[in-house]
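Pasted below: my_file_2.cif, mmCIF, C-alpha atoms and all ligand atoms.
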```cif
data_final
loop_
_atom_site.label_atom_id
_atom_site.label_comp_id
_atom_site.auth_asym_id
_atom_site.auth_seq_id
_atom_site.Cartn_x
_atom_site.Cartn_y
_atom_site.Cartn_z
CA MET A 1 21.94 25.01 -5.73
CA ILE A 2 25.54 25.20 -6.89
CA ILE A 3 25.21 21.93 -8.82
CA LYS A 4 22.37 20.28 -10.75
CA GLN A 5 20.31 17.38 -9.45
CA SER A 6 21.31 13.97 -10.76
CA LYS A 7 19.92 12.83 -14.11
CA ARG A 8 18.18 9.95 -12.39
CA LEU A 9 15.86 12.46 -10.73
CA ASN A 10 14.79 14.13 -13.95
CA GLU A 11 11.65 12.07 -14.29
CA VAL A 12 10.96 11.65 -10.58
CA GLN A 13 8.55 13.92 -8.75
CA GLU A 14 8.24 14.42 -5.01
CA TYR A 15 5.80 11.77 -3.71
CA TYR A 16 2.20 12.91 -4.30
CA PHE A 17 1.23 12.75 -0.62
CA SER A 18 4.32 14.65 0.47
CA GLN A 19 3.20 17.55 -1.75
CA LYS A 20 -0.47 17.26 -0.94
CA LEU A 21 0.08 17.23 2.82
CA GLN A 22 2.06 20.45 2.41
CA GLN A 23 -0.98 22.04 0.71
CA ILE A 24 -3.28 20.71 3.46
CA ARG A 25 -0.97 22.10 6.17
CA GLN A 26 -0.97 25.46 4.41
CA MET A 27 -4.80 25.48 4.30
CA GLU A 28 -4.85 24.60 7.99
CA THR A 29 -2.51 27.46 8.92
CA GLU A 30 -5.04 29.70 7.18
CA GLY A 31 -7.65 28.42 9.62
CA VAL A 32 -9.35 25.75 7.45
CA LYS A 33 -9.91 22.42 9.23
CA ILE A 34 -9.36 19.64 6.72
CA ILE A 35 -10.64 16.09 7.12
CA ASN A 36 -8.06 13.81 5.57
CA LEU A 37 -9.60 10.63 4.15
CA GLY A 38 -6.72 10.25 1.75
CA ILE A 39 -3.94 8.47 3.51
CA GLY A 40 -3.75 4.87 4.73
CA SER A 41 -2.11 5.41 8.11
CA PRO A 42 -3.99 3.32 10.70
CA ASP A 43 -5.30 5.47 13.56
CA MET A 44 -5.97 2.49 15.85
CA VAL A 45 -3.36 1.33 18.34
CA PRO A 46 -1.13 -1.75 18.29
CA SER A 47 -1.93 -4.54 20.79
CA GLU A 48 -1.17 -3.97 24.49
CA ASN A 49 1.53 -6.66 24.42
CA THR A 50 3.30 -4.82 21.65
CA ILE A 51 3.46 -1.56 23.60
CA SER A 52 4.46 -3.18 26.90
CA GLU A 53 7.26 -5.12 25.18
CA LEU A 54 8.54 -1.87 23.67
CA ILE A 55 8.58 -0.14 27.07
CA THR A 56 10.24 -3.06 28.86
CA ALA A 57 12.93 -3.42 26.22
CA ALA A 58 13.59 0.33 26.06
CA GLN A 59 14.28 0.37 29.79
CA HIS A 60 17.07 -2.16 29.43
CA PRO A 61 20.50 -0.44 29.41
CA LYS A 62 21.81 -2.79 26.71
CA SER A 63 19.01 -1.99 24.23
CA HIS A 64 20.45 1.12 22.68
CA GLY A 65 23.34 0.04 20.49
CA TYR A 66 23.51 -0.87 16.81
CA GLN A 67 21.72 -4.07 15.96
CA SER A 68 22.39 -6.95 13.62
CA TYR A 69 21.90 -6.19 9.92
CA ARG A 70 19.72 -9.28 9.59
CA GLY A 71 17.42 -8.44 12.51
CA ILE A 72 17.31 -10.35 15.79
CA PRO A 73 16.62 -14.12 15.62
CA GLU A 74 13.51 -13.64 17.82
CA LEU A 75 11.91 -11.38 15.19
CA ARG A 76 12.83 -13.64 12.28
CA LYS A 77 11.41 -16.65 14.16
CA ALA A 78 8.19 -14.71 14.87
CA ILE A 79 7.90 -13.87 11.15
CA ALA A 80 8.48 -17.53 10.20
CA HIS A 81 5.80 -18.58 12.71
CA PHE A 82 3.41 -15.96 11.30
CA TYR A 83 4.01 -17.28 7.75
CA LYS A 84 3.28 -20.84 8.87
CA GLU A 85 0.11 -19.86 10.74
CA THR A 86 -1.23 -17.32 8.27
CA TYR A 87 -0.18 -18.58 4.86
CA ASN A 88 0.75 -22.20 5.61
CA THR A 89 4.17 -21.39 4.19
CA HIS A 90 7.49 -22.58 5.58
CA LEU A 91 10.33 -20.05 5.78
CA ASP A 92 13.74 -20.71 7.25
CA PRO A 93 14.19 -17.92 9.82
CA GLU A 94 17.99 -18.10 9.41
CA THR A 95 18.18 -17.61 5.67
CA GLU A 96 14.81 -16.72 4.13
CA ILE A 97 13.73 -13.62 6.06
CA LEU A 98 15.21 -10.15 6.06
CA PRO A 99 13.58 -7.57 8.40
CA LEU A 100 13.30 -4.07 6.94
CA LEU A 101 12.56 -0.56 8.15
CA GLY A 102 9.07 -0.79 6.62
CA SER A 103 8.40 -2.53 3.32
CA LYS A 104 8.67 0.67 1.22
CA GLU A 105 12.46 0.74 1.51
CA GLY A 106 12.52 -2.86 0.28
CA ILE A 107 11.34 -1.65 -3.13
CA THR A 108 14.58 0.34 -3.47
CA HIS A 109 16.80 -2.42 -2.06
CA ILE A 110 15.34 -4.99 -4.45
CA SER A 111 15.66 -2.67 -7.43
CA LEU A 112 19.27 -1.76 -6.62
CA ALA A 113 20.11 -5.42 -6.06
CA PHE A 114 18.78 -6.76 -9.37
CA LEU A 115 18.46 -3.99 -11.96
CA ASN A 116 20.99 -2.44 -14.31
CA THR A 117 20.53 0.78 -16.26
CA GLY A 118 18.35 0.07 -19.29
CA ASP A 119 16.71 -3.07 -17.89
CA LYS A 120 12.93 -3.25 -18.07
CA VAL A 121 10.49 -3.57 -15.17
CA LEU A 122 6.83 -4.61 -15.31
CA VAL A 123 4.77 -2.28 -13.16
CA PRO A 124 0.99 -2.59 -12.58
CA ASP A 125 -1.31 0.21 -13.72
CA PRO A 126 -2.96 1.18 -11.43
CA GLY A 127 -0.37 0.48 -8.75
CA TYR A 128 1.56 1.80 -5.77
CA PRO A 129 3.47 4.81 -7.20
CA THR A 130 6.78 3.86 -5.55
CA TYR A 131 7.29 0.91 -7.97
CA SER A 132 7.54 3.43 -10.83
CA SER A 133 9.52 6.13 -9.06
CA VAL A 134 12.17 3.70 -7.79
CA SER A 135 12.39 2.06 -11.24
CA LYS A 136 13.01 5.53 -12.69
CA MET A 137 15.65 6.32 -10.07
CA CYS A 138 17.41 3.11 -11.08
CA GLU A 139 17.36 4.34 -14.70
CA THR A 140 15.36 1.38 -15.93
CA ASN A 141 12.53 1.35 -18.46
CA ILE A 142 9.04 0.85 -17.12
CA LEU A 143 6.59 -1.40 -18.96
CA HIS A 144 3.16 -0.83 -17.48
CA TYR A 145 0.82 -3.80 -17.52
CA ASN A 146 -2.89 -3.14 -17.35
CA LEU A 147 -5.15 -4.04 -14.48
CA LYS A 148 -8.74 -3.51 -15.59
CA GLU A 149 -12.01 -3.61 -13.73
CA GLU A 150 -13.48 -6.00 -16.31
CA ASN A 151 -10.69 -8.50 -15.45
CA GLY A 152 -11.28 -8.18 -11.72
CA TRP A 153 -8.07 -6.07 -11.66
CA MET A 154 -6.01 -9.21 -12.43
CA PRO A 155 -3.16 -9.20 -14.98
CA ASP A 156 -4.21 -10.04 -18.51
CA PHE A 157 -1.82 -12.84 -19.50
CA ASN A 158 -2.65 -12.66 -23.22
CA GLU A 159 -1.71 -9.02 -23.20
CA LEU A 160 1.45 -9.71 -21.16
CA GLU A 161 2.60 -12.39 -23.60
CA LYS A 162 2.22 -9.94 -26.50
CA MET A 163 4.50 -7.36 -24.89
CA ASN A 164 8.16 -7.08 -25.83
CA LEU A 165 9.57 -8.75 -22.73
CA ARG A 166 13.22 -8.60 -23.80
CA LYS A 167 15.33 -7.19 -20.97
CA VAL A 168 12.47 -7.46 -18.43
CA LYS A 169 14.09 -8.50 -15.16
CA LEU A 170 11.50 -7.74 -12.55
CA MET A 171 7.70 -7.63 -12.18
CA TRP A 172 5.86 -5.86 -9.35
CA LEU A 173 2.56 -7.24 -8.15
CA ASN A 174 0.39 -6.66 -5.14
CA TYR A 175 -2.62 -8.66 -3.90
CA PRO A 176 -4.79 -7.79 -2.06
CA ASN A 177 -4.31 -4.95 -4.45
CA MET A 178 -3.85 -1.33 -3.56
CA PRO A 179 -5.61 0.84 -4.74
CA THR A 180 -8.37 -1.39 -6.17
CA GLY A 181 -8.97 -3.68 -3.17
CA ALA A 182 -9.00 -6.74 -5.45
CA GLU A 183 -7.91 -10.08 -4.01
CA ALA A 184 -6.03 -12.58 -6.18
CA ILE A 185 -8.62 -14.81 -7.83
CA GLY A 186 -8.56 -18.04 -9.76
CA GLU A 187 -5.11 -19.33 -10.53
CA CYS A 188 -3.54 -15.91 -10.62
CA PHE A 189 -0.42 -16.81 -8.63
CA GLU A 190 0.09 -20.14 -10.41
CA LYS A 191 -0.11 -18.35 -13.77
CA LEU A 192 2.26 -15.62 -12.63
CA ILE A 193 4.80 -18.22 -11.48
CA ALA A 194 4.60 -20.03 -14.84
CA PHE A 195 4.95 -16.70 -16.69
CA ALA A 196 7.98 -15.71 -14.59
CA LYS A 197 9.63 -19.07 -15.11
CA LYS A 198 9.09 -18.96 -18.87
CA HIS A 199 10.50 -15.44 -19.26
CA LYS A 200 13.09 -15.51 -16.43
CA ILE A 201 11.51 -12.61 -14.59
CA LEU A 202 11.75 -12.14 -10.83
CA LEU A 203 8.30 -11.59 -9.31
CA CYS A 204 8.18 -9.13 -6.42
CA HIS A 205 4.94 -9.61 -4.59
CA ASP A 206 4.03 -6.80 -2.21
CA ASN A 207 1.67 -8.20 0.44
CA PRO A 208 0.93 -5.65 3.19
CA TYR A 209 -2.89 -5.89 3.10
CA SER A 210 -3.52 -9.62 3.42
CA MET A 211 -5.03 -9.41 6.92
CA VAL A 212 -7.19 -6.32 6.44
CA LEU A 213 -10.86 -6.88 5.51
CA ASN A 214 -9.81 -9.90 3.49
CA ASN A 215 -12.68 -12.04 2.20
CA LYS A 216 -10.41 -14.91 1.27
CA LYS A 217 -7.76 -16.75 3.30
CA PRO A 218 -4.55 -14.68 3.34
CA LYS A 219 -2.20 -15.78 0.56
CA SER A 220 1.54 -15.71 0.05
CA ILE A 221 2.99 -16.27 -3.41
CA LEU A 222 5.77 -18.26 -1.72
CA HIS A 223 3.21 -20.91 -0.79
CA TYR A 224 2.64 -21.93 -4.41
CA LYS A 225 4.61 -24.62 -6.22
CA GLY A 226 7.77 -23.14 -7.70
CA GLY A 227 7.02 -19.79 -6.02
CA LYS A 228 10.27 -19.58 -4.10
CA ASP A 229 12.30 -20.11 -7.28
CA VAL A 230 10.92 -17.09 -9.08
CA ALA A 231 9.37 -14.83 -6.43
CA ILE A 232 10.21 -12.81 -3.36
CA GLU A 233 7.66 -11.20 -1.08
CA LEU A 234 7.49 -7.93 0.82
CA ASN A 235 5.32 -7.77 3.91
CA SER A 236 4.75 -5.31 6.71
CA LEU A 237 3.33 -4.60 10.16
CA SER A 238 2.15 -1.15 9.06
CA LYS A 239 -1.40 -1.96 8.07
CA SER A 240 -2.21 -5.36 9.59
CA PHE A 241 -0.87 -4.49 13.04
CA ASN A 242 -1.59 -0.73 13.23
CA MET A 243 2.14 0.01 13.26
CA ALA A 244 2.76 2.24 10.23
CA GLY A 245 4.95 4.71 12.13
CA TRP A 246 7.12 1.99 13.65
CA ARG A 247 8.67 1.12 10.30
CA VAL A 248 8.77 -2.65 10.46
CA GLY A 249 8.54 -4.83 7.38
CA TRP A 250 10.48 -7.64 5.77
CA ILE A 251 11.45 -9.46 2.59
CA ALA A 252 10.86 -13.19 2.45
CA GLY A 253 12.35 -15.49 -0.14
CA LYS A 254 14.99 -17.96 -1.10
CA LYS A 255 18.46 -17.53 0.47
CA GLU A 256 20.17 -16.49 -2.79
CA TYR A 257 17.75 -13.59 -3.28
CA ILE A 258 17.98 -12.50 0.36
CA ASP A 259 21.80 -12.60 0.33
CA THR A 260 21.90 -10.45 -2.80
CA ILE A 261 19.55 -7.86 -1.27
CA LEU A 262 21.65 -7.88 1.92
CA LYS A 263 24.62 -6.58 -0.08
CA VAL A 264 22.60 -3.41 -0.71
CA LYS A 265 20.87 -3.07 2.62
CA THR A 266 23.93 -3.53 4.82
CA ASN A 267 25.48 -0.57 3.04
CA ILE A 268 22.48 1.66 3.57
CA ASP A 269 21.21 1.31 7.14
CA SER A 270 22.55 -0.05 10.39
CA GLY A 271 19.75 -2.20 11.72
CA MET A 272 16.55 -1.56 13.63
CA PHE A 273 16.14 -0.34 17.25
CA LEU A 274 16.11 -3.44 19.47
CA PRO A 275 12.92 -2.58 21.44
CA VAL A 276 11.07 -2.07 18.13
CA GLN A 277 12.20 -5.52 16.98
CA LYS A 278 11.16 -7.16 20.25
CA ALA A 279 7.80 -5.41 20.21
CA ALA A 280 7.30 -6.38 16.57
CA ALA A 281 7.92 -10.03 17.50
CA ALA A 282 5.30 -9.69 20.26
CA ALA A 283 2.82 -8.13 17.81
CA MET A 284 3.16 -11.05 15.45
CA ASN A 285 1.75 -13.26 18.17
CA ASN A 286 -1.48 -11.25 18.39
CA PRO A 287 -4.31 -13.79 18.50
CA PRO A 288 -6.69 -14.06 15.51
CA SER A 289 -9.37 -12.36 17.67
CA TRP A 290 -7.26 -9.16 17.68
CA HIS A 291 -7.40 -9.04 13.87
CA VAL A 292 -11.12 -9.83 13.87
CA LYS A 293 -11.83 -6.91 16.22
CA ARG A 294 -9.80 -4.50 14.07
CA ASN A 295 -11.61 -5.64 10.95
CA GLU A 296 -14.99 -5.18 12.64
CA GLU A 297 -14.14 -1.53 13.23
CA TYR A 298 -13.02 -1.17 9.60
CA LYS A 299 -16.33 -2.71 8.50
CA ARG A 300 -18.29 -0.09 10.46
CA ARG A 301 -16.23 2.67 8.88
CA ARG A 302 -16.57 1.16 5.43
CA GLU A 303 -20.35 1.34 5.62
CA LYS A 304 -20.07 5.07 6.31
CA VAL A 305 -17.60 5.51 3.46
CA TRP A 306 -20.08 3.77 1.17
CA GLU A 307 -22.65 6.34 2.32
CA LEU A 308 -20.21 9.15 1.51
CA LEU A 309 -19.59 7.69 -1.92
CA GLU A 310 -23.34 7.53 -2.57
CA VAL A 311 -23.51 11.23 -1.78
CA LEU A 312 -20.69 11.86 -4.24
CA GLY A 313 -22.43 9.74 -6.85
CA CYS A 314 -19.67 7.12 -7.11
CA ASP A 315 -19.91 3.38 -7.82
CA TYR A 316 -18.00 0.84 -5.74
CA ASP A 317 -17.63 -2.89 -5.23
CA ILE A 318 -18.59 -4.01 -1.71
CA HIS A 319 -16.17 -6.96 -1.74
CA GLN A 320 -12.89 -5.08 -1.59
CA ALA A 321 -10.05 -6.02 0.77
CA GLY A 322 -7.60 -3.65 2.46
CA MET A 323 -8.17 -0.38 4.22
CA PHE A 324 -9.53 1.73 1.39
CA VAL A 325 -12.61 1.88 -0.77
CA TRP A 326 -11.90 2.29 -4.48
CA ALA A 327 -14.77 3.92 -6.35
CA LYS A 328 -15.67 5.05 -9.83
CA ILE A 329 -16.75 8.60 -10.48
CA LYS A 330 -20.02 8.34 -12.40
CA LYS A 331 -19.70 11.73 -14.05
CA GLY A 332 -17.35 10.92 -16.90
CA LYS A 333 -16.25 14.42 -17.91
CA ILE A 334 -14.23 15.49 -14.89
CA SER A 335 -10.71 14.26 -14.11
CA SER A 336 -10.27 12.52 -10.78
CA GLU A 337 -7.78 15.23 -9.66
CA ASP A 338 -10.32 17.99 -10.37
CA PHE A 339 -13.08 16.01 -8.69
CA VAL A 340 -10.92 15.63 -5.57
CA GLU A 341 -9.71 19.24 -5.62
CA ASN A 342 -13.30 20.48 -5.73
CA ILE A 343 -14.23 18.43 -2.70
CA LEU A 344 -11.14 19.68 -0.90
CA GLN A 345 -11.83 23.33 -1.68
CA LYS A 346 -15.60 23.24 -1.18
CA ALA A 347 -16.07 20.76 1.67
CA ASN A 348 -12.52 20.68 3.07
CA VAL A 349 -12.46 16.91 2.81
CA PHE A 350 -9.50 15.24 1.15
CA ILE A 351 -9.75 11.94 -0.73
CA THR A 352 -7.21 10.49 -3.15
CA PRO A 353 -7.56 10.83 -6.93
CA GLY A 354 -7.18 7.49 -8.69
CA SER A 355 -4.98 9.02 -11.39
CA ILE A 356 -1.95 9.12 -9.07
CA PHE A 357 -1.88 5.31 -9.36
CA GLY A 358 -1.61 5.35 -13.15
CA LYS A 359 -3.69 6.03 -16.28
CA ASN A 360 -6.08 3.16 -15.47
CA GLY A 361 -6.81 4.88 -12.14
CA GLU A 362 -8.24 7.90 -13.97
CA GLY A 363 -11.96 8.19 -13.28
CA TYR A 364 -11.64 6.65 -9.82
CA VAL A 365 -11.07 7.86 -6.26
CA ARG A 366 -9.72 6.10 -3.17
CA VAL A 367 -11.13 6.72 0.29
CA SER A 368 -9.23 5.63 3.39
CA LEU A 369 -10.84 3.82 6.31
CA CYS A 370 -8.33 5.27 8.78
CA SER A 371 -10.75 7.74 10.39
CA GLU A 372 -13.44 7.17 12.97
CA VAL A 373 -17.08 6.79 12.02
CA THR A 374 -17.87 10.23 13.48
CA THR A 375 -15.24 11.85 11.25
CA ILE A 376 -16.65 10.16 8.17
CA GLU A 377 -20.12 11.32 9.23
CA GLU A 378 -18.78 14.87 9.55
CA SER A 379 -17.36 14.59 6.00
CA ILE A 380 -20.74 13.52 4.67
CA LYS A 381 -22.37 16.44 6.45
CA ARG A 382 -19.83 18.90 5.06
CA ILE A 383 -20.21 17.66 1.52
CA LYS A 384 -23.99 17.87 1.73
CA GLN A 385 -23.90 21.31 3.43
CA THR A 386 -21.35 22.90 1.13
CA THR A 387 -23.26 21.98 -1.94
CA VAL A 388 -26.53 23.16 -0.38
CA ILE A 389 -24.91 26.49 0.53
CA ALA A 390 -23.40 26.75 -2.93
CA ARG A 391 -26.92 26.73 -4.28
CA SER A 392 -28.52 29.12 -1.82
CA GLY A 393 -32.21 28.63 -1.60
CA VAL A 394 -32.04 24.95 -2.42
CA THR A 395 -32.44 22.95 0.75
CA LYS A 396 -32.99 19.42 -0.40
CA GLN A 397 -30.90 17.89 -3.14
CA SER A 398 -30.58 14.50 -4.68
CA ASN A 399 -27.25 12.70 -4.50
CA LYS A 400 -26.91 13.21 -8.23
CA GLU A 401 -27.16 16.97 -7.85
CA ILE A 402 -24.64 17.01 -5.01
CA ALA A 403 -22.24 14.93 -7.05
CA SER A 404 -22.59 17.28 -9.97
CA LEU A 405 -21.87 20.30 -7.76
CA CYS A 406 -18.75 18.60 -6.43
CA SER A 407 -17.68 17.99 -9.98
CA GLN A 408 -17.88 21.58 -11.12
C1 LIG B 1 0.97 -1.42 -1.84
C2 LIG B 1 1.85 -0.85 -0.77
N1 LIG B 1 3.08 -1.36 -0.61
C3 LIG B 1 3.92 -0.90 0.31
C4 LIG B 1 3.55 0.13 1.16
C5 LIG B 1 4.55 0.62 2.17
O1 LIG B 1 4.25 0.17 3.43
P1 LIG B 1 5.28 0.25 4.63
O2 LIG B 1 4.65 1.11 5.65
O3 LIG B 1 5.49 -1.16 5.10
O4 LIG B 1 6.56 0.83 4.12
C6 LIG B 1 2.28 0.71 1.03
C7 LIG B 1 1.91 1.84 1.88
O5 LIG B 1 0.97 2.55 1.70
C8 LIG B 1 1.41 0.19 0.05
O6 LIG B 1 0.17 0.68 -0.11
#
```
Conversion result in structure tokens:
Amino acid sequence: MIIKQSKRLNEVQEYYFSQKLQQIRQMETEGVKIINLGIGSPDMVPSENTISELITAAQHPKSHGYQSYRGIPELRKAIAHFYKETYNTHLDPETEILPLLGSKEGITHISLAFLNTGDKVLVPDPGYPTYSSVSKMCETNILHYNLKEENGWMPDFNELEKMNLRKVKLMWLNYPNMPTGAEAIGECFEKLIAFAKKHKILLCHDNPYSMVLNNKKPKSILHYKGGKDVAIELNSLSKSFNMAGWRVGWIAGKKEYIDTILKVKTNIDSGMFLPVQKAAAAAMNNPPSWHVKRNEEYKRRREKVWELLEVLGCDYDIHQAGMFVWAKIKKGKISSEDFVENILQKANVFITPGSIFGKNGEGYVRVSLCSEVTTIEESIKRIKQTTVIARSGVTKQSNKEIASLCSQ
């Protein structure tokens, strides 16, 4: 390079999965077939209506130009309808919804819209790594707040109140939570709204998993009293509608917040392909039975993943929401990255180390439900076989022994 990278990148690493997939591709070019149970990219298809709407719209000669920066009214109305039906929350489709190219980009738009250099941001630990990396790129200071298993992975408000909250402008939160699968319990949202109001902090609730294996009724923070004054919400078709590659998400919230974010977004992209928007609107009208069927398949897969975790000697909670299982490594001495690397090298199965989600994720792993039952069965077989081969002569091993071999 003839010049140096910007200072804002000094503390930012390439996204973990971007690096890891490179390693997996390299292993595959060397002839190793890897089973990837790491990434949450749904392998099931969107509804038939969604696909047929995409095809019909793409065939129209007027579909191929630039589109409105605010998304087409049909999509915004479909999102407003979805919010009413799903979360019993009213949104004005004209002013309170901004379609995005996936919800991930919204994290950057929101941060650029509201943060100045040196501001502070509350980021959950464990949490989606992008909250931290974008906060770093915006040259802000990150204040991690703990989510702990003993608190049901909910924020600890006593601890939050004791933190130095001066200069905190923004707080990221995400329920159903990724990676832990926890759903918001008790009066979590009410308390968060009161906390935000007291300290003048904008809450950014990231809500892409509310329809996937949820045990409770899907929730939006915008539904709660005072929510719209202090919170905005990201949402997405990626997980709940099997449309991760389509890149459709949105920000919902009060007009003033949306208008501020628009100042950033309109200078970054030039709208979303019209057929994708029309198909997304069709998807949002999928009947509840479509979601039930998808969740039934995830339930079948989850039972197999539980079996895999038993083999690995991990503990897990059976009531998690979302499309992953979060599990605790019982053997305390090994780091989650080493545990995962051993499974990758020995059984050629990839799962995600909890440590990439923060220090409180250390000691845990995350297994994706985005592979068919037969693939998960093959992973179980490989893990059992590899460890048996590793100890030639031993043909029958307890789960504990297998787990300890994977940990070496
Ligand atoms: C918590 C969380 N938020 C946001 C995203 C980004 O989703 P999208 O595909 O809508 O950009 C993900 C994706 O894995 C996620 O886990």
Give me the residues of chain A that have any atom at most 9 Å from an atom of ligand LIG 1 (chain B); for each, the nearest atom pair and the distance in Å, rounded to one decimal. Use all atoms listed in the file, sort by chain and number, and format it as a Markdown table.
```
| residue | atom | partner | partner_atom | distance |
| --- | --- | --- | --- | --- |
| A:Ile39 | CA | B:LIG1 | O5 | 7.9 |
| A:Gly40 | CA | B:LIG1 | O5 | 6.1 |
| A:Ser41 | CA | B:LIG1 | O5 | 7.7 |
| A:Leu100 | CA | B:LIG1 | O3 | 8.5 |
| A:Leu101 | CA | B:LIG1 | O4 | 7.4 |
| A:Gly102 | CA | B:LIG1 | O4 | 3.9 |
| A:Ser103 | CA | B:LIG1 | O3 | 3.7 |
| A:Lys104 | CA | B:LIG1 | O4 | 3.6 |
| A:Glu105 | CA | B:LIG1 | O4 | 6.5 |
| A:Gly106 | CA | B:LIG1 | O4 | 8.0 |
| A:Ile107 | CA | B:LIG1 | C3 | 8.2 |
| A:Gly127 | CA | B:LIG1 | C1 | 7.3 |
| A:Tyr128 | CA | B:LIG1 | C1 | 5.1 |
| A:Pro129 | CA | B:LIG1 | C1 | 8.6 |
| A:Thr130 | CA | B:LIG1 | C3 | 8.1 |
| A:Tyr131 | CA | B:LIG1 | N1 | 8.8 |
| A:Leu173 | CA | B:LIG1 | C1 | 8.7 |
| A:Asn174 | CA | B:LIG1 | C1 | 6.2 |
| A:Tyr175 | CA | B:LIG1 | C1 | 8.3 |
| A:Pro176 | CA | B:LIG1 | C1 | 8.6 |
| A:Asn177 | CA | B:LIG1 | C1 | 6.9 |
| A:Met178 | CA | B:LIG1 | C1 | 5.1 |
| A:Pro179 | CA | B:LIG1 | O6 | 7.4 |
| A:Asp206 | CA | B:LIG1 | N1 | 5.7 |
| A:Asn207 | CA | B:LIG1 | N1 | 7.1 |
| A:Pro208 | CA | B:LIG1 | N1 | 6.1 |
| A:Tyr209 | CA | B:LIG1 | C1 | 7.7 |
| A:Leu234 | CA | B:LIG1 | C3 | 7.9 |
| A:Asn235 | CA | B:LIG1 | O3 | 6.7 |
| A:Ser236 | CA | B:LIG1 | O3 | 4.5 |
| A:Leu237 | CA | B:LIG1 | O3 | 6.5 |
| A:Ser238 | CA | B:LIG1 | O2 | 4.8 |
| A:Lys239 | CA | B:LIG1 | O2 | 7.2 |
| A:Met243 | CA | B:LIG1 | O2 | 8.1 |
| A:Ala244 | CA | B:LIG1 | O2 | 5.1 |
| A:Gly245 | CA | B:LIG1 | O2 | 7.4 |
| A:Trp246 | CA | B:LIG1 | O2 | 8.4 |
| A:Arg247 | CA | B:LIG1 | O2 | 6.1 |
| A:Val248 | CA | B:LIG1 | O3 | 6.5 |
| A:Gly249 | CA | B:LIG1 | O3 | 5.3 |
| A:Trp250 | CA | B:LIG1 | O3 | 8.2 |
```
Exercise for the section: For Leu309 of chain A, please output as a ChimeraX atom specification all residues within 9 Å (counting all atoms listed in the file; exclusion window: fewer than 5 positions along the same chain). Expected result: /A:304,314-316,327,367,380
Handout entry: Pick from A:Ser18, A:Ile35, A:Lys228, A:Leu170, whichever lies nearest to Glu377 of chain A using all atoms listed in the file
Key = A:Ile35
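Each of A:Glu341, A:Glu190, A:Glu159, A:Asp43 was checked against Glu297 of chain A using all atoms listed in the file; the smallest atom-to-atom distance is that of A:Asp43.
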Practice task
Mind giving me the straight-line distance from atom CA of Asn215 of chain A to atom CA of Lys299 of chain A in Å, one decimal?
Solution key: 11.8 Å
Exercise for the section: Compile the contact shell of Glu48 of chain A as a PyMOL selection string: residues with an atom at most 12 Å away, counting all atoms listed in the file, same-chain residues fewer than 4 positions apart removed. Expected result: chain A and resi 44+52-55+241-242+279-280+282-283+285-287+290
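Each of A:Met171, A:Ile356, A:Ala182, A:Ile329 was checked against Val123 of chain A using only C-alpha atoms; the smallest atom-to-atom distance is that of A:Met171.
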Exercise for the section: Go ahead and compute the interatomic distance for atom CA of Cys188 of chain A and atom CA of Ser220 of chain A, in Å to one decimal. Expected result: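 Value for the atom CA of Cys188 of chain A-atom CA of Ser220 of chain A distance: 11.8 Å.
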Exercise for the section: Please provide the set of residues having any atom within 7 Å of Ile232 of chain A, restricted to all atoms listed in the file, with same-chain residues fewer than 4 positions apart removed, written as a list in words. Expected result: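 Contacts, with the query itself left out: Leu203, Cys204, His205, Lys228, Ile251, Ala252 and Gly253 of chain A.
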Practice task
May I ask which of the residues A:Ser111, A:Ser135, A:Gln67, A:Gln5 is the closest one to Gln277 of chain A, counting all atoms listed in the file?
Solution key: A:Gln67
Exercise for the section: Would you kindly return, as a count of residues only, each protein, DNA or RNA residue with an atom no farther than 9 Å from any atom of Arg25 of chain A, considering all atoms listed in the file and excluding same-chain residues fewer than 5 positions away? Expected result: 3
Exercise for the section: Record the distance separating atom CA of Phe324 of chain A and atom CA of Tyr83 of chain A, expressed in Å with one decimal. Expected result: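 Result for atom CA of Phe324 of chain A versus atom CA of Tyr83 of chain A: 24.2 Å, one decimal.
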Fill in the blank from the handout: For Val325 of chain A, the closest of A:Gln22, A:Thr374, A:Thr180, A:Ser270 counting only C-alpha atoms is A:Thr180
Handout entry: Shortest interatomic distance to His64 of chain A - which of A:Ile318, A:Ile201, A:Leu308, A:Met272, counting all atoms listed in the file
Key = A:Met272
Practice task
Considering all atoms listed in the file, return as a ChimeraX atom specification whatever protein or nucleic-acid residues lie within 12 Å of Phe350 of chain A, sequence-local ones (same chain, fewer than 3 positions apart) excluded.
Solution key: /A:17,20-21,23-24,27,33-39,337-347,353,365-368,371,376,379-380,382-383
Pop segment 13-17 of chain A out of the structure in the block and write N, CA and C atoms as a compact mmCIF listing (two decimals), in the first residue's frame.
```
# COMPACT_ATOMS: atom_id res chain seq x y z
N GLN A 13 -10.82 -5.57 13.33
CA GLN A 13 -10.33 -6.75 12.61
C GLN A 13 -11.33 -7.11 11.52
N GLU A 14 -10.85 -7.85 10.51
CA GLU A 14 -11.78 -8.41 9.54
C GLU A 14 -12.78 -9.27 10.31
N TYR A 15 -14.04 -9.29 9.87
CA TYR A 15 -15.09 -10.02 10.57
C TYR A 15 -14.69 -11.49 10.73
N TYR A 16 -14.90 -12.02 11.94
CA TYR A 16 -14.45 -13.38 12.25
C TYR A 16 -14.83 -14.39 11.16
N PHE A 17 -16.10 -14.35 10.73
CA PHE A 17 -16.55 -15.37 9.77
C PHE A 17 -15.91 -15.19 8.40
```
